[in-house]
$ cat coords.cif   # mmCIF, C-alpha atoms
data_query
#
loop_
_atom_site.label_atom_id
_atom_site.label_comp_id
_atom_site.auth_asym_id
_atom_site.auth_seq_id
_atom_site.Cartn_x
_atom_site.Cartn_y
_atom_site.Cartn_z
CA MET A 231 22.98 -4.34 52.31
CA THR A 232 20.51 -5.85 49.89
CA THR A 233 20.46 -9.63 49.79
CA ILE A 234 19.35 -11.71 46.87
CA SER A 235 17.13 -14.63 47.67
CA PRO A 236 17.64 -18.01 45.96
CA ASP A 237 14.36 -17.47 44.11
CA GLN A 238 15.55 -14.13 42.73
CA SER A 239 18.89 -15.59 41.75
CA GLY A 240 17.17 -18.42 39.93
CA ALA A 241 14.93 -15.94 38.13
CA ASP A 242 17.96 -13.93 36.99
CA THR A 243 19.70 -17.07 35.79
CA GLU A 244 16.58 -18.08 33.88
CA THR A 245 16.40 -14.64 32.25
CA GLU A 246 20.03 -14.85 31.10
CA ARG A 247 19.90 -18.48 30.00
CA LEU A 248 20.09 -19.10 26.28
CA PRO A 249 17.41 -21.40 24.85
CA ARG A 250 18.66 -24.88 24.00
CA PHE A 251 18.35 -26.33 20.51
CA LYS A 252 15.50 -28.60 21.53
CA GLU A 253 13.58 -25.51 22.65
CA VAL A 254 13.89 -23.79 19.27
CA TRP A 255 13.47 -26.99 17.26
CA PRO A 256 9.62 -26.79 17.10
CA SER A 257 9.81 -23.32 15.50
CA LEU A 258 12.59 -24.47 13.17
CA ARG A 259 10.58 -27.53 12.18
CA ARG A 260 7.56 -25.37 11.35
CA ALA A 261 9.79 -23.15 9.20
CA LEU A 262 11.12 -26.19 7.33
CA LEU A 263 7.58 -27.43 6.72
CA ARG A 264 6.56 -23.98 5.43
CA PHE A 265 9.46 -23.94 3.01
CA ALA A 266 8.65 -27.46 1.83
CA GLY A 267 4.96 -26.68 1.38
CA ALA A 268 5.52 -23.36 -0.37
CA GLY A 269 8.49 -24.48 -2.45
CA VAL A 270 8.04 -28.12 -3.47
CA LEU A 271 4.29 -28.74 -3.63
CA PRO A 272 3.50 -25.93 -6.15
CA VAL A 273 6.28 -27.16 -8.46
CA ILE A 274 4.90 -30.71 -8.46
CA CYS A 275 1.32 -29.53 -9.02
CA PHE A 276 2.38 -27.21 -11.84
CA TYR A 277 4.37 -29.91 -13.62
CA VAL A 278 1.61 -32.52 -13.36
CA GLY A 279 -1.00 -30.04 -14.61
CA PHE A 280 1.28 -28.76 -17.37
CA ARG A 281 2.11 -32.21 -18.70
CA THR A 282 -1.42 -33.58 -18.47
CA ALA A 283 -3.51 -30.60 -19.62
CA GLY A 284 -1.29 -27.73 -20.79
CA PRO A 285 0.12 -24.41 -19.52
CA VAL A 286 -3.03 -22.83 -18.08
CA PRO A 287 -4.14 -25.87 -16.00
CA GLY A 288 -0.54 -26.19 -14.82
CA ILE A 289 -0.45 -22.54 -13.78
CA LEU A 290 -3.79 -22.85 -11.98
CA ALA A 291 -2.64 -26.02 -10.18
CA GLY A 292 0.59 -24.36 -9.07
CA MET A 293 -1.27 -21.25 -7.91
CA ALA A 294 -3.77 -23.33 -5.97
CA ALA A 295 -0.99 -25.24 -4.22
CA SER A 296 0.86 -22.03 -3.30
CA LEU A 297 -2.28 -20.35 -1.97
CA LEU A 298 -3.18 -23.48 0.00
CA ALA A 299 0.25 -23.57 1.65
CA LEU A 300 0.02 -19.87 2.58
CA SER A 301 -3.57 -20.28 3.81
CA VAL A 302 -2.47 -23.10 6.12
CA GLN A 303 0.28 -20.82 7.44
CA ALA A 304 -2.23 -18.00 8.05
CA TRP A 305 -4.62 -20.43 9.75
CA ARG A 306 -1.87 -21.61 12.10
CA LEU A 307 -1.07 -17.99 12.98
CA ARG A 308 -4.84 -17.44 13.49
CA ARG A 309 -4.69 -14.21 11.49
CA LEU A 310 -3.70 -12.67 8.19
CA ASP A 311 -0.49 -10.64 8.29
CA PRO A 312 1.98 -9.30 5.71
CA ILE A 313 4.03 -12.51 5.93
CA ALA A 314 1.17 -14.36 4.23
CA VAL A 315 -0.82 -11.57 2.55
CA LEU A 316 2.01 -10.17 0.39
CA PRO A 317 2.95 -13.55 -1.17
CA MET A 318 -0.75 -14.32 -1.73
CA ALA A 319 -1.25 -11.03 -3.57
CA VAL A 320 1.88 -11.52 -5.67
CA ILE A 321 0.89 -15.11 -6.55
CA LEU A 322 -2.58 -14.01 -7.64
CA VAL A 323 -1.21 -11.18 -9.80
CA GLN A 324 1.60 -13.15 -11.42
CA GLY A 325 -0.56 -16.24 -11.89
CA THR A 326 -3.35 -14.21 -13.49
CA ILE A 327 -0.95 -12.51 -15.89
CA ALA A 328 0.72 -15.81 -16.81
CA GLY A 329 -2.66 -17.55 -17.17
CA LEU A 330 -4.07 -14.85 -19.46
CA ALA A 331 -0.92 -15.00 -21.56
CA GLY A 332 -0.96 -18.81 -21.50
CA SER A 333 2.78 -18.68 -20.82
CA ALA A 334 4.52 -21.17 -18.55
CA GLU A 335 7.72 -19.12 -18.88
CA ILE A 336 6.07 -16.04 -17.36
CA TYR A 337 4.68 -18.15 -14.52
CA LEU A 338 8.07 -19.71 -13.78
CA ALA A 339 9.89 -16.37 -13.97
CA ALA A 340 7.36 -14.48 -11.85
CA PRO A 341 8.62 -15.72 -8.44
CA ALA A 342 11.79 -13.78 -9.17
CA VAL A 343 9.68 -10.62 -8.89
CA GLU A 344 8.38 -11.69 -5.48
CA ALA A 345 11.92 -12.52 -4.32
CA ALA A 346 13.17 -9.13 -5.51
CA ILE A 347 10.31 -7.39 -3.67
CA TRP A 348 11.25 -9.21 -0.46
CA GLY A 349 14.89 -8.27 -0.99
CA ILE A 350 13.97 -4.60 -1.32
CA ILE A 351 11.69 -4.75 1.73
CA LEU A 352 14.23 -6.55 3.92
CA ILE A 353 17.24 -4.40 3.07
CA GLY A 354 15.08 -1.27 3.03
CA SER A 355 13.87 -2.07 6.53
CA VAL A 356 17.47 -2.12 7.77
CA ILE A 357 18.23 1.18 6.05
CA ALA A 358 15.11 2.60 7.74
CA ARG A 359 16.39 1.17 11.06
CA ARG A 360 13.35 -1.05 11.39
CA PRO A 361 14.78 -4.52 10.56
CA LEU A 362 12.01 -6.84 9.48
CA VAL A 363 13.42 -10.17 10.72
CA PRO A 364 13.04 -9.23 14.43
CA LEU A 365 9.40 -8.31 13.77
CA ILE A 366 8.78 -11.59 11.94
CA ALA A 367 10.56 -13.56 14.68
CA ARG A 368 8.35 -11.97 17.35
CA GLU A 369 5.21 -12.55 15.28
CA LEU A 370 6.07 -16.24 14.90
CA GLY A 371 6.93 -16.59 18.59
CA VAL A 372 10.52 -17.65 17.87
CA VAL A 373 12.21 -15.13 20.20
CA PRO A 374 12.02 -15.95 23.93
CA ARG A 375 10.65 -13.06 25.95
CA SER A 376 13.70 -13.16 28.23
CA LEU A 377 15.96 -12.35 25.26
CA ALA A 378 13.69 -10.01 23.31
CA GLU A 379 15.59 -6.90 24.45
CA SER A 380 19.08 -8.40 24.21
CA VAL A 381 21.48 -6.08 22.37
CA GLY A 382 23.33 -9.06 20.92
CA LEU A 383 20.10 -10.62 19.67
CA ARG A 384 18.91 -7.38 18.07
CA ARG A 385 22.27 -7.03 16.31
CA ALA A 386 22.14 -10.65 15.11
CA LEU A 387 18.61 -10.24 13.76
CA ALA A 388 19.55 -7.04 11.97
CA ILE A 389 22.43 -8.88 10.28
CA LEU A 390 20.05 -11.70 9.39
CA THR A 391 17.64 -9.22 7.84
CA VAL A 392 20.37 -8.09 5.45
CA ALA A 393 21.41 -11.70 4.81
CA TRP A 394 17.86 -12.78 3.96
CA GLY A 395 17.55 -9.75 1.67
CA VAL A 396 20.74 -10.66 -0.19
CA ALA A 397 19.52 -14.27 -0.39
CA ALA A 398 16.24 -13.07 -1.90
CA PHE A 399 18.08 -11.16 -4.64
CA ALA A 400 20.29 -14.20 -5.24
CA LYS A 401 17.23 -16.45 -5.63
CA ALA A 402 15.69 -14.00 -8.10
CA GLY A 403 18.83 -13.82 -10.22
CA ILE A 404 19.47 -17.56 -10.16
CA ARG A 405 15.86 -18.29 -11.17
CA ILE A 406 16.03 -16.06 -14.24
CA TRP A 407 19.45 -17.40 -15.23
CA LEU A 408 18.42 -21.07 -14.91
CA LEU A 409 15.19 -20.41 -16.80
CA MET A 410 17.19 -18.96 -19.69
CA ILE A 411 19.61 -21.88 -20.05
CA LEU A 412 17.71 -25.04 -19.04
CA PRO A 413 14.77 -27.00 -20.47
CA LEU A 414 11.63 -27.27 -18.33
CA GLU A 415 12.31 -30.50 -16.42
CA ALA A 416 15.93 -29.63 -15.73
CA PHE A 417 14.92 -26.12 -14.65
CA LEU A 418 12.29 -27.37 -12.19
CA ILE A 419 14.74 -29.81 -10.60
CA ALA A 420 17.62 -27.32 -10.50
CA ILE A 421 15.59 -24.40 -9.12
CA THR A 422 13.92 -26.56 -6.46
CA ILE A 423 17.27 -27.90 -5.24
CA THR A 424 18.92 -24.47 -5.41
CA ILE A 425 16.16 -22.64 -3.55
CA ALA A 426 15.99 -25.42 -0.95
CA ALA A 427 19.76 -25.22 -0.43
CA ILE A 428 19.66 -21.43 -0.02
CA ASN A 429 16.71 -21.60 2.39
CA LEU A 430 18.28 -24.38 4.48
CA SER A 431 21.57 -22.48 4.63
CA MET A 432 19.76 -19.33 5.73
CA LEU A 433 17.78 -21.24 8.34
CA ALA A 434 21.01 -22.72 9.70
CA LEU A 435 22.56 -19.25 9.82
CA SER A 436 19.40 -17.89 11.48
CA VAL A 437 19.79 -20.46 14.27
CA TRP A 438 23.59 -20.29 14.61
CA LEU A 439 24.15 -16.52 14.53
CA PRO A 440 21.88 -15.56 17.46
CA PHE A 441 23.40 -18.37 19.56
CA ARG A 442 26.85 -17.09 18.59
CA MET A 443 26.16 -13.44 19.34
CA VAL A 444 23.90 -13.81 22.38
CA ARG A 445 26.28 -15.18 24.98
CA PRO A 446 26.20 -14.66 28.74
CA ALA A 447 29.01 -12.64 30.27
CA PRO A 448 32.09 -14.58 31.49
CA GLY A 449 31.44 -16.30 34.79
CA LYS A 450 27.68 -16.32 34.31
CA PRO A 451 25.84 -19.57 33.63
CA ALA A 452 24.41 -20.18 30.17
#
$ encode --input "coords.cif" --output "structure tokens"
Amino acid sequence: MTTISPDQSGADTETERLPRFKEVWPSLRRALLRFAGAGVLPVICFYVGFRTAGPVPGILAGMAASLLALSVQAWRLRRLDPIAVLPMAVILVQGTIAGLAGSAEIYLAAPAVEAAIWGIILIGSVIARRPLVPLIARELGVVPRSLAESVGLRRALAILTVAWGVAAFAKAGIRIWLLMILPLEAFLIAITITIAAINLSMLALSVWLPFRMVRPAPGKPA
């Protein structure tokens, strides 16, 4: 008969144990800071530049703030990857087009294109059976190694990939709709609050769903 030593039992328990909230909080806090830096700072810089010097300086200021936020993210990851490179490329293209046209409306509508691209990529990755959220979570070091192969976690992250894709399409549609019906100041306030609310809701879901679906079997310690 094979006996299990206390050390082995402890190791098994540690492998099955779900991470506590305080253990995932650092990663969640970094995500919140990324959203704040990429979502709020460019809007403020654009508005200040637009009101003080006109559309083109405003566009350049907003582009610079967005690229700075993404560069800080890439520096923290110590490498360039698609998470940062794709938004950088889109920002450069859309900002250049808007700057050459001298149109603030094109600049403000352009993020809808980026959101739609992300929606296509995220939902397409699920259709191709290569969900993108698990890959991003591993790249950012959010998934504990002990749970990386959990069936429940993989299912939760696949669902989250679809959810983030739907949220991306929603953000694109809401941006265009608000831009059509609101004046500049009201649009900037409304879109910032709306996008922040969607992102915070998705972050909350991204924390809650894996905890809900990755549960130890009855009788086993969590």
$ resolve_selection --input "coords.cif" --expression "the PyMOL selection byres ((chain A and resi 423) around 12)" --output "PyMOL selection string"
chain A and resi 266+269-270+273+401+404-405+408+416-422+424-430
$ resolve_selection --input "coords.cif" --expression "the PyMOL selection byres ((chain A and resi 439) around 9)" --output "list in words"
Leu383, Ala386, Leu387, Ile389, Leu390, Ala434, Leu435, Ser436, Val437, Trp438, Pro440, Phe441, Arg442, Met443 and Val444 of chain A
$ resolve_selection --input "coords.cif" --expression "the PyMOL selection byres ((chain A and resi 296) around 8)" --output "list in words"
Gly267, Ala268, Leu271, Pro272, Gly292, Met293, Ala294, Ala295, Leu297, Leu298, Ala299, Leu300 and Ile321 of chain A
$ write_last_selection --input "coords.cif" --atoms "C-alpha atoms" --output "PDB file, keeping the file's coordinate frame"
ATOM      1  CA  GLY A 267       4.960 -26.680   1.380  1.00  0.00           C
ATOM      2  CA  ALA A 268       5.520 -23.360  -0.370  1.00  0.00           C
ATOM      3  CA  LEU A 271       4.290 -28.740  -3.630  1.00  0.00           C
ATOM      4  CA  PRO A 272       3.500 -25.930  -6.150  1.00  0.00           C
ATOM      5  CA  GLY A 292       0.590 -24.360  -9.070  1.00  0.00           C
ATOM      6  CA  MET A 293      -1.270 -21.250  -7.910  1.00  0.00           C
ATOM      7  CA  ALA A 294      -3.770 -23.330  -5.970  1.00  0.00           C
ATOM      8  CA  ALA A 295      -0.990 -25.240  -4.220  1.00  0.00           C
ATOM      9  CA  LEU A 297      -2.280 -20.350  -1.970  1.00  0.00           C
ATOM     10  CA  LEU A 298      -3.180 -23.480   0.000  1.00  0.00           C
ATOM     11  CA  ALA A 299       0.250 -23.570   1.650  1.00  0.00           C
ATOM     12  CA  LEU A 300       0.020 -19.870   2.580  1.00  0.00           C
ATOM     13  CA  ILE A 321       0.890 -15.110  -6.550  1.00  0.00           C
TER      14      ILE A 321
END
$ closest_residue --input "coords.cif" --among "A:Ala339, A:Val286, A:Ala331, A:Leu322" --to "Gly403 in chain A" --atoms "all atoms listed in the file"
A:Ala339
$ atom_distance --input "coords.cif" --atom1 "CA of Leu338 in chain A" --atom2 "CA of Val315 in chain A"
20.3 Å
$ residues_around --input "coords.cif" --residues "Gly329 in chain A" --least-positions-apart "4" --cutoff "7 Å" --atoms "all atoms listed in the file" --output "list in words"
Val286, Ile289, Gly325 and Ser333 of chain A
$ residues_around --input "coords.cif" --residues "Ile336 in chain A" --least-positions-apart "6" --cutoff "12 Å" --atoms "all atoms listed in the file" --output "MDAnalysis selection string"
chainID A and resid 285:286 289 323:330 342:343 405:406 409:410
$ closest_residue --input "coords.cif" --among "A:Ala402, A:Val381, A:Ile411, A:Leu290" --to "Ala346 in chain A" --atoms "only C-alpha atoms"
A:Ala402
$ closest_residue --input "coords.cif" --among "A:Leu433, A:Ala340, A:Ala388, A:Ile350" --to "Val363 in chain A" --atoms "all atoms listed in the file"
A:Ala388
$ closest_residue --input "coords.cif" --among "A:Val392, A:Ala334, A:Ile347, A:Ala319" --to "Gly279 in chain A" --atoms "all atoms listed in the file"
A:Ala334
$ atom_distance --input "coords.cif" --atom1 "CA of Trp407 in chain A" --atom2 "CA of Pro361 in chain A"
29.2 Å
$ closest_residue --input "coords.cif" --among "A:Ala345, A:Val302, A:Glu415, A:Arg359" --to "Pro317 in chain A" --atoms "only C-alpha atoms"
A:Ala345
